[in-house]
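Student: Structure: my_file04.cif, mmCIF, C-alpha atoms and all ligand atoms.
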```
data_protein
loop_
_atom_site.label_atom_id
_atom_site.label_comp_id
_atom_site.auth_asym_id
_atom_site.auth_seq_id
_atom_site.Cartn_x
_atom_site.Cartn_y
_atom_site.Cartn_z
CA GLU C 1 72.77 -161.02 135.29
CA MET C 2 76.19 -159.47 135.62
CA VAL C 3 79.25 -161.15 134.13
CA ASP C 4 82.91 -160.20 133.80
CA ALA C 5 83.49 -159.00 130.23
CA ARG C 6 86.96 -160.60 130.26
CA ILE C 7 85.43 -164.04 130.86
CA PRO C 8 81.76 -163.80 129.83
CA GLU C 9 81.25 -167.58 129.78
CA SER C 10 83.38 -168.63 132.74
CA SER C 11 81.76 -166.01 134.97
CA ARG C 12 78.23 -167.29 134.28
CA ASN C 13 76.30 -170.00 136.01
CA PRO C 14 73.69 -171.53 133.71
CA ILE C 15 71.48 -172.23 136.73
CA ILE C 16 70.12 -168.74 136.19
CA GLU C 17 68.16 -170.08 133.25
CA GLU C 18 66.33 -172.43 135.63
CA ILE C 19 65.73 -170.03 138.49
CA LYS C 20 64.65 -166.97 136.54
CA GLY C 21 61.28 -168.46 135.60
CA GLN C 22 59.20 -166.04 133.54
CA LYS C 23 61.26 -163.03 134.60
CA LYS C 24 62.92 -160.82 132.06
CA GLN C 25 66.67 -161.03 131.85
CA LEU C 26 69.43 -158.66 130.85
CA ILE C 27 73.10 -159.60 130.67
CA LEU C 28 75.53 -156.90 131.72
CA LEU C 29 79.08 -157.31 130.46
CA ASN C 30 80.82 -155.42 133.26
CA LYS C 31 84.43 -154.19 133.46
CA VAL C 32 84.56 -153.41 129.76
CA ASP C 33 87.32 -150.94 130.62
CA LEU C 34 89.51 -154.07 131.01
CA SER C 35 88.20 -156.25 128.17
CA ASP C 36 89.16 -156.31 124.50
CA PRO C 37 86.60 -154.13 122.66
CA SER C 38 86.55 -156.33 119.54
CA GLN C 39 85.87 -159.43 121.65
CA THR C 40 83.27 -157.61 123.73
CA LYS C 41 81.45 -156.90 120.50
CA ARG C 42 81.61 -160.59 119.56
CA TRP C 43 80.20 -161.59 122.95
CA ASN C 44 77.51 -159.00 122.56
CA ASP C 45 76.51 -160.56 119.23
CA TYR C 46 76.70 -164.03 120.73
CA PHE C 47 74.29 -163.35 123.59
CA LYS C 48 71.99 -161.49 121.21
CA SER C 49 71.93 -164.57 118.99
CA GLN C 50 70.69 -166.50 122.03
CA GLY C 51 67.81 -164.08 122.32
CA ILE C 52 69.22 -162.38 125.43
CA LYS C 53 69.42 -158.63 125.68
CA VAL C 54 72.95 -157.54 126.53
CA LEU C 55 74.70 -154.30 127.48
CA SER C 56 78.21 -153.21 128.42
CA THR C 57 78.90 -151.46 131.71
CA GLU C 58 81.72 -150.00 133.76
CA ALA C 59 80.13 -150.09 137.17
CA LYS C 60 83.19 -148.60 138.84
CA ASP C 61 82.92 -145.41 136.81
CA GLY C 62 79.14 -145.50 136.55
CA LYS C 63 79.24 -145.91 132.79
CA GLY C 64 76.29 -147.58 131.09
CA ILE C 65 73.79 -147.04 133.92
CA LYS C 66 71.55 -144.81 131.84
CA GLN C 67 71.50 -147.33 129.00
CA VAL C 68 70.68 -150.12 131.43
CA LYS C 69 67.66 -148.22 132.76
CA ALA C 70 66.45 -147.51 129.22
CA ALA C 71 66.92 -151.15 128.19
CA ILE C 72 64.96 -152.41 131.20
CA LYS C 73 62.05 -150.11 130.35
CA GLU C 74 62.13 -151.33 126.77
CA LEU C 75 62.17 -154.94 127.96
CA MET C 76 59.15 -154.33 130.19
CA ALA C 77 57.13 -152.22 127.73
CA PRO C 78 55.11 -155.15 126.31
CA VAL C 79 54.14 -156.24 129.84
CA PHE C 80 52.97 -152.76 130.74
CA GLU C 81 51.00 -152.47 127.53
CA LYS C 82 49.20 -155.71 128.27
CA ASN C 83 48.52 -154.59 131.82
CA LEU C 84 47.13 -151.26 130.66
CA GLU C 85 44.69 -153.10 128.41
CA LYS C 86 43.51 -154.93 131.51
CA GLY C 87 43.28 -151.64 133.36
CA ILE C 88 46.35 -152.25 135.52
CA ARG C 89 48.44 -149.11 135.97
CA PRO C 90 52.24 -149.31 135.60
CA ARG C 91 54.08 -150.03 138.83
CA PRO C 92 57.79 -149.58 139.51
CA ILE C 93 59.83 -152.29 137.82
CA ARG C 94 61.45 -154.57 140.38
CA LEU C 95 65.07 -155.44 139.69
CA MET C 96 67.61 -157.81 141.11
CA VAL C 97 71.30 -158.13 140.22
CA LEU C 98 72.65 -161.67 140.07
CA GLY C 99 76.07 -163.05 139.37
CA ILE C 100 79.09 -164.88 140.72
CA PRO C 101 81.31 -163.06 143.25
CA ASN C 102 83.58 -160.21 142.19
CA VAL C 103 81.92 -159.31 138.88
CA GLY C 104 80.90 -155.89 140.26
CA LYS C 105 77.34 -156.39 141.51
CA SER C 106 77.62 -154.26 144.67
CA THR C 107 79.43 -151.51 142.81
CA PHE C 108 76.66 -151.53 140.22
CA ILE C 109 73.89 -151.42 142.84
CA ASN C 110 75.54 -148.41 144.49
CA ARG C 111 75.73 -146.69 141.12
CA MET C 112 72.10 -147.45 140.35
CA ILE C 113 70.88 -145.96 143.60
CA ASN C 114 73.38 -143.15 143.42
CA LYS C 115 74.41 -144.16 146.95
CA ASN C 116 71.25 -142.47 148.15
CA GLN C 117 70.30 -145.20 150.58
CA ALA C 118 67.94 -142.89 152.49
CA GLU C 119 65.38 -143.16 149.74
CA THR C 120 64.32 -146.71 150.49
CA ALA C 121 60.91 -148.19 150.02
CA ASN C 122 59.62 -149.45 153.30
CA ARG C 123 58.70 -152.96 152.25
CA PRO C 124 60.38 -156.26 153.03
CA GLY C 125 62.30 -157.96 150.26
CA VAL C 126 62.67 -161.64 149.47
CA THR C 127 64.65 -162.47 152.57
CA LYS C 128 64.37 -160.78 155.93
CA GLY C 129 66.66 -157.80 156.12
CA GLN C 130 66.68 -157.15 152.39
CA ARG C 131 65.06 -154.01 151.13
CA TRP C 132 63.76 -152.63 147.88
CA LEU C 133 65.59 -149.41 147.10
CA LYS C 134 63.57 -146.87 145.19
CA ILE C 135 65.22 -145.47 142.06
CA GLY C 136 63.13 -142.53 140.91
CA ASN C 137 59.53 -143.49 140.16
CA ASP C 138 60.31 -146.22 137.67
CA PHE C 139 62.39 -148.81 139.51
CA GLU C 140 62.84 -150.66 142.77
CA LEU C 141 66.10 -152.51 143.21
CA LEU C 142 66.82 -155.26 145.73
CA ASP C 143 69.62 -153.89 147.91
CA THR C 144 71.46 -157.25 148.10
CA PRO C 145 72.77 -158.96 145.00
CA GLY C 146 71.94 -162.58 144.29
CA ILE C 147 75.11 -164.61 144.48
CA LEU C 148 75.52 -167.49 142.05
CA TRP C 149 78.13 -170.18 142.46
CA PRO C 150 80.98 -170.09 140.00
CA LYS C 151 81.41 -173.34 138.09
CA PHE C 152 84.59 -175.08 139.14
CA GLU C 153 84.15 -178.44 137.42
CA ASP C 154 85.98 -177.41 134.26
CA PRO C 155 89.64 -176.66 135.13
CA HIS C 156 89.75 -174.17 132.28
CA VAL C 157 86.91 -172.18 133.86
CA GLY C 158 88.59 -172.38 137.26
CA LEU C 159 91.74 -170.88 135.80
CA ASN C 160 89.86 -168.04 134.11
CA LEU C 161 88.16 -167.19 137.40
CA ALA C 162 91.49 -167.27 139.19
CA PHE C 163 93.17 -165.04 136.58
CA CYS C 164 90.48 -162.43 137.09
CA GLY C 165 90.74 -162.60 140.88
CA SER C 166 87.42 -164.34 141.56
CA ILE C 167 89.17 -167.02 143.61
CA LYS C 168 91.27 -165.94 146.55
CA ASP C 169 94.99 -165.95 145.79
CA GLU C 170 95.83 -167.35 149.22
CA ILE C 171 94.63 -170.75 148.08
CA LEU C 172 96.50 -170.60 144.78
CA ASN C 173 100.06 -170.93 143.70
CA VAL C 174 100.85 -167.53 142.21
CA GLN C 175 103.75 -168.82 140.11
CA ASN C 176 101.71 -171.58 138.49
CA LEU C 177 98.76 -169.31 137.94
CA ALA C 178 100.88 -166.63 136.25
CA TYR C 179 102.50 -169.35 134.15
CA GLU C 180 99.06 -170.47 132.93
CA LEU C 181 98.02 -166.87 132.25
CA LEU C 182 101.22 -166.25 130.33
CA LYS C 183 100.41 -169.29 128.18
CA VAL C 184 97.09 -167.71 127.17
CA LEU C 185 98.52 -164.22 126.65
CA ARG C 186 101.37 -165.54 124.51
CA LYS C 187 98.82 -167.08 122.19
CA ASP C 188 96.13 -164.38 122.05
CA TYR C 189 97.87 -161.12 123.04
CA PRO C 190 101.57 -161.48 122.10
CA GLU C 191 101.97 -157.85 121.05
CA GLU C 192 100.60 -156.56 124.33
CA LEU C 193 103.02 -158.77 126.25
CA ILE C 194 106.02 -157.68 124.21
CA ALA C 195 105.12 -154.00 124.54
CA ARG C 196 104.36 -154.10 128.26
CA TYR C 197 107.54 -155.94 129.24
CA LYS C 198 109.75 -154.45 126.54
CA LEU C 199 110.68 -157.91 125.29
CA ASP C 200 112.65 -158.46 122.09
CA GLY C 201 110.07 -161.05 121.12
CA LEU C 202 108.50 -164.19 122.51
CA THR C 203 110.10 -167.60 122.68
CA SER C 204 108.94 -169.69 119.77
CA ASP C 205 106.80 -172.76 120.36
CA ASP C 206 107.96 -174.37 117.16
CA ASP C 207 111.67 -174.90 117.31
CA GLU C 208 112.87 -176.69 120.39
CA GLU C 209 115.62 -174.85 122.10
CA TYR C 210 117.92 -176.33 124.69
CA ASN C 211 119.52 -174.86 127.78
CA LYS C 212 123.15 -175.26 128.73
CA TYR C 213 122.39 -178.64 130.30
CA GLY C 214 120.96 -179.90 127.03
CA GLU C 215 117.40 -179.87 128.39
CA PRO C 216 114.56 -178.60 126.18
CA ILE C 217 113.51 -175.07 127.14
CA ASP C 218 109.90 -174.48 128.09
CA PRO C 219 108.93 -171.45 125.97
CA VAL C 220 106.44 -170.12 128.55
CA LEU C 221 108.99 -170.34 131.34
CA SER C 222 111.57 -168.76 129.09
CA ASP C 223 109.29 -165.73 128.56
CA MET C 224 108.62 -165.55 132.27
CA GLU C 225 112.35 -165.42 132.86
CA ALA C 226 112.74 -162.70 130.25
CA ILE C 227 110.10 -160.64 132.06
CA ALA C 228 111.86 -161.23 135.40
CA LEU C 229 115.17 -160.06 133.94
CA LYS C 230 113.61 -156.93 132.43
CA ARG C 231 112.08 -156.10 135.77
CA GLY C 232 115.08 -157.05 137.84
CA PHE C 233 113.18 -159.66 139.83
CA ILE C 234 116.35 -161.53 140.74
CA GLN C 235 117.20 -163.05 144.08
CA SER C 236 120.63 -163.55 145.57
CA GLY C 237 122.71 -166.03 143.62
CA LYS C 238 121.18 -164.68 140.39
CA ARG C 239 118.12 -166.83 140.87
CA ILE C 240 114.92 -165.72 139.15
CA ASP C 241 112.27 -164.59 141.62
CA TYR C 242 109.32 -166.43 140.07
CA GLU C 243 107.02 -165.55 142.92
CA ARG C 244 107.51 -161.83 142.42
CA THR C 245 107.38 -162.12 138.64
CA GLY C 246 104.16 -164.12 138.82
CA ARG C 247 102.59 -161.61 141.20
CA ALA C 248 103.51 -158.72 138.86
CA ILE C 249 102.03 -160.45 135.80
CA LEU C 250 98.79 -161.26 137.62
CA ASP C 251 98.42 -157.83 139.20
CA GLU C 252 99.13 -156.05 135.94
CA PHE C 253 96.70 -158.21 134.00
CA ARG C 254 93.96 -157.60 136.57
CA ALA C 255 94.55 -153.85 136.54
CA GLY C 256 94.41 -153.76 132.74
CA ILE C 257 98.02 -152.59 132.54
CA ILE C 258 99.07 -155.29 130.06
CA GLY C 259 96.23 -154.19 127.83
CA ASN C 260 92.55 -154.68 127.10
CA ILE C 261 92.25 -158.43 127.25
CA THR C 262 89.43 -160.95 126.91
CA LEU C 263 90.35 -164.49 127.88
CA GLU C 264 87.71 -166.48 126.04
CA ARG C 265 85.95 -166.45 122.70
CA PRO C 266 82.30 -167.25 122.10
CA VAL C 267 81.61 -170.70 120.71
CA TYR C 268 78.37 -170.96 118.75
CA LYS C 269 76.56 -174.22 119.40
P1 LIG B 1 80.54 -158.24 143.65
O1 LIG B 1 81.23 -159.29 144.47
O2 LIG B 1 79.98 -158.81 142.40
O3 LIG B 1 79.53 -157.44 144.42
O4 LIG B 1 81.69 -157.24 143.16
P2 LIG B 1 82.12 -155.79 143.74
O5 LIG B 1 81.08 -154.77 143.44
O6 LIG B 1 82.53 -155.96 145.17
O7 LIG B 1 83.38 -155.49 142.81
C1 LIG B 1 84.50 -156.35 142.77
C2 LIG B 1 85.72 -155.54 142.32
O8 LIG B 1 85.57 -155.16 140.97
C3 LIG B 1 85.91 -154.26 143.12
O9 LIG B 1 87.28 -154.08 143.34
C4 LIG B 1 85.37 -153.18 142.18
O10 LIG B 1 85.96 -151.94 142.38
C5 LIG B 1 85.74 -153.76 140.83
N1 LIG B 1 84.89 -153.27 139.73
C6 LIG B 1 83.54 -153.18 139.70
N2 LIG B 1 83.12 -152.70 138.52
C7 LIG B 1 84.23 -152.48 137.77
C8 LIG B 1 84.45 -151.98 136.44
O11 LIG B 1 83.54 -151.66 135.67
N3 LIG B 1 85.76 -151.92 136.03
C9 LIG B 1 86.80 -152.29 136.83
N4 LIG B 1 88.03 -152.16 136.35
N5 LIG B 1 86.62 -152.74 138.07
C10 LIG B 1 85.36 -152.84 138.55
#
```
As structure tokens, what does this structure read like?
Tutor:
Amino acid sequence: EMVDARIPESSRNPIIEEIKGQKKQLILLNKVDLSDPSQTKRWNDYFKSQGIKVLSTEAKDGKGIKQVKAAIKELMAPVFEKNLEKGIRPRPIRLMVLGIPNVGKSTFINRMINKNQAETANRPGVTKGQRWLKIGNDFELLDTPGILWPKFEDPHVGLNLAFCGSIKDEILNVQNLAYELLKVLRKDYPEELIARYKLDGLTSDDDEEYNKYGEPIDPVLSDMEAIALKRGFIQSGKRIDYERTGRAILDEFRAGIIGNITLERPVYK
């Protein structure tokens, strides 16, 4: 099961627990090049505490593939031992990558097979048209990832998915989305924000400030304006270009330019 290390909970669908049956499971925290290392460690501990084996990967750069292969073998060792006792010889381990869209499944599959698609086992997979790709002598990997639905019921989860680009931006209001992201970053990654946008500081939540019309200033909006001014995202008539500012904040978060950021913390039940 592959998840996005920046949103390890929001990018899961618990239905996997129902559909996996007796199969062994490994959670891959992918895109750790973008996540906060200290939080990635906490998520690692969290999944471990649930009895699930977990590893970090950077599918794009092919990092962690070796460790994944070793972990799968370790996970399967007891099964093979039992089989050997019954006189059944070890067969290649069959693997499938599951996860919600955009977590990096296809990238990971290509890394696993080293893009050597010629070396395919000539047997039909689960669905017509799917194939088991041979990886050395030890593994066979389903060439198509299993796609799980993201969970949209919780608005908080929906936002996290949108921040990370798992929901198409065409159906979202970029300004509002960036505003919501800024709210989270102000709270959890203020130093990164200040450094990236060369701000003098962030607008305080505590003391209410008022604009020239005597209206209370929204601290999030005030920071967004400060970013726009630093960047020169100003339209004619000295109006702030919120659209452009929002787009920049979202793009830079997604590319890891604001910093290594994880948007949610594990909650132990
Ligand atoms: P899928 O929908 O789960 O199959 O996801 P894709 O494999 O199509 O990847 C979605 C996007 O994430 C692509 O733009 C990939 O280049 C990117 N991606 C995949 N793995 C990583 C990673 O480890 N780090 C980063 N930064 N991007 C990644």
Student: Write out as a ChimeraX atom specification the residues lying within 10 Å of Ser204 in chain C, counting only C-alpha atoms and excluding same-chain residues fewer than 6 positions away.
Tutor: /C:186,218-220,222-223
Student: Please, what distance in Å, to one decimal, runs between CA of Asn110 in chain C and CA of Leu159 in chain C?
Tutor: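 Rounded to one decimal, the two atoms are 29.0 Å apart.
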Student: For ligand LIG 1 (chain B), which of C:Leu95, C:Leu29, C:Ile16, C:Leu133 is the closest residue, counting only C-alpha atoms and all ligand atoms?
Tutor: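 Distance minimum relative to ligand LIG 1 (chain B) lands on C:Leu29.
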Student: As a quick test: using all atoms listed in the file, which residues lie no more than 7 Å away from ligand LIG 1 (chain B)? Give them as an mmCIF file with C-alpha atoms, keeping the file's coordinate frame.
Tutor:
```
data_model
loop_
_atom_site.group_PDB
_atom_site.id
_atom_site.type_symbol
_atom_site.label_atom_id
_atom_site.label_comp_id
_atom_site.auth_asym_id
_atom_site.auth_seq_id
_atom_site.Cartn_x
_atom_site.Cartn_y
_atom_site.Cartn_z
ATOM 1 C CA ASN C 30 80.820 -155.420 133.260
ATOM 2 C CA LYS C 31 84.430 -154.190 133.460
ATOM 3 C CA VAL C 32 84.560 -153.410 129.760
ATOM 4 C CA ASP C 33 87.320 -150.940 130.620
ATOM 5 C CA LEU C 34 89.510 -154.070 131.010
ATOM 6 C CA THR C 57 78.900 -151.460 131.710
ATOM 7 C CA GLU C 58 81.720 -150.000 133.760
ATOM 8 C CA ALA C 59 80.130 -150.090 137.170
ATOM 9 C CA LYS C 60 83.190 -148.600 138.840
ATOM 10 C CA ASP C 61 82.920 -145.410 136.810
ATOM 11 C CA GLY C 99 76.070 -163.050 139.370
ATOM 12 C CA ILE C 100 79.090 -164.880 140.720
ATOM 13 C CA PRO C 101 81.310 -163.060 143.250
ATOM 14 C CA ASN C 102 83.580 -160.210 142.190
ATOM 15 C CA VAL C 103 81.920 -159.310 138.880
ATOM 16 C CA GLY C 104 80.900 -155.890 140.260
ATOM 17 C CA LYS C 105 77.340 -156.390 141.510
ATOM 18 C CA SER C 106 77.620 -154.260 144.670
ATOM 19 C CA THR C 107 79.430 -151.510 142.810
ATOM 20 C CA PHE C 108 76.660 -151.530 140.220
ATOM 21 C CA PRO C 145 72.770 -158.960 145.000
ATOM 22 C CA ALA C 255 94.550 -153.850 136.540
#
```
Student: Find the distance between CA of Pro266 in chain C and CA of Glu191 in chain C and write it in Å to one decimal.
Tutor: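 That distance, rounded to one decimal, is 21.8 Å.
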Student: So that I can check the surroundings of range 68-72 of chain C, please list as an mmCIF file with C-alpha atoms, in the coordinates of the input every protein, DNA and RNA residue that reaches within 8 Å of it, counting all atoms listed in the file and ignoring chain neighbours fewer than 3 positions away.
Tutor:
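Generated output (around_13.cif):
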```cif
data_model
loop_
_atom_site.group_PDB
_atom_site.id
_atom_site.type_symbol
_atom_site.label_atom_id
_atom_site.label_comp_id
_atom_site.auth_asym_id
_atom_site.auth_seq_id
_atom_site.Cartn_x
_atom_site.Cartn_y
_atom_site.Cartn_z
ATOM 1 C CA LEU C 26 69.430 -158.660 130.850
ATOM 2 C CA LEU C 55 74.700 -154.300 127.480
ATOM 3 C CA GLY C 64 76.290 -147.580 131.090
ATOM 4 C CA ILE C 65 73.790 -147.040 133.920
ATOM 5 C CA LEU C 75 62.170 -154.940 127.960
ATOM 6 C CA MET C 76 59.150 -154.330 130.190
#
```
Student: Quick one, how far is CA of Gln25 in chain C from CA of Arg94 in chain C?
Tutor: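 Between CA of Gln25 in chain C and CA of Arg94 in chain C the gap works out to 11.9 Å.
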Student: Taking all atoms listed in the file into account, name the residue in C:Gly146, C:Gly129, C:Pro92, C:Pro78 that is nearest to Asn13 in chain C.
Tutor: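 Of C:Gly146, C:Gly129, C:Pro92, C:Pro78, the one nearest Asn13 in chain C is C:Gly146, counting all atoms listed in the file.
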Student: Report as a PyMOL selection string all protein, DNA and RNA residues lying within 9 Å of Arg6 in chain C, evaluated on all atoms listed in the file, omitting residues in the same chain fewer than 4 positions from it.
Tutor: chain C and resi 11+29-32+34-36+39-40+160+164+260-264
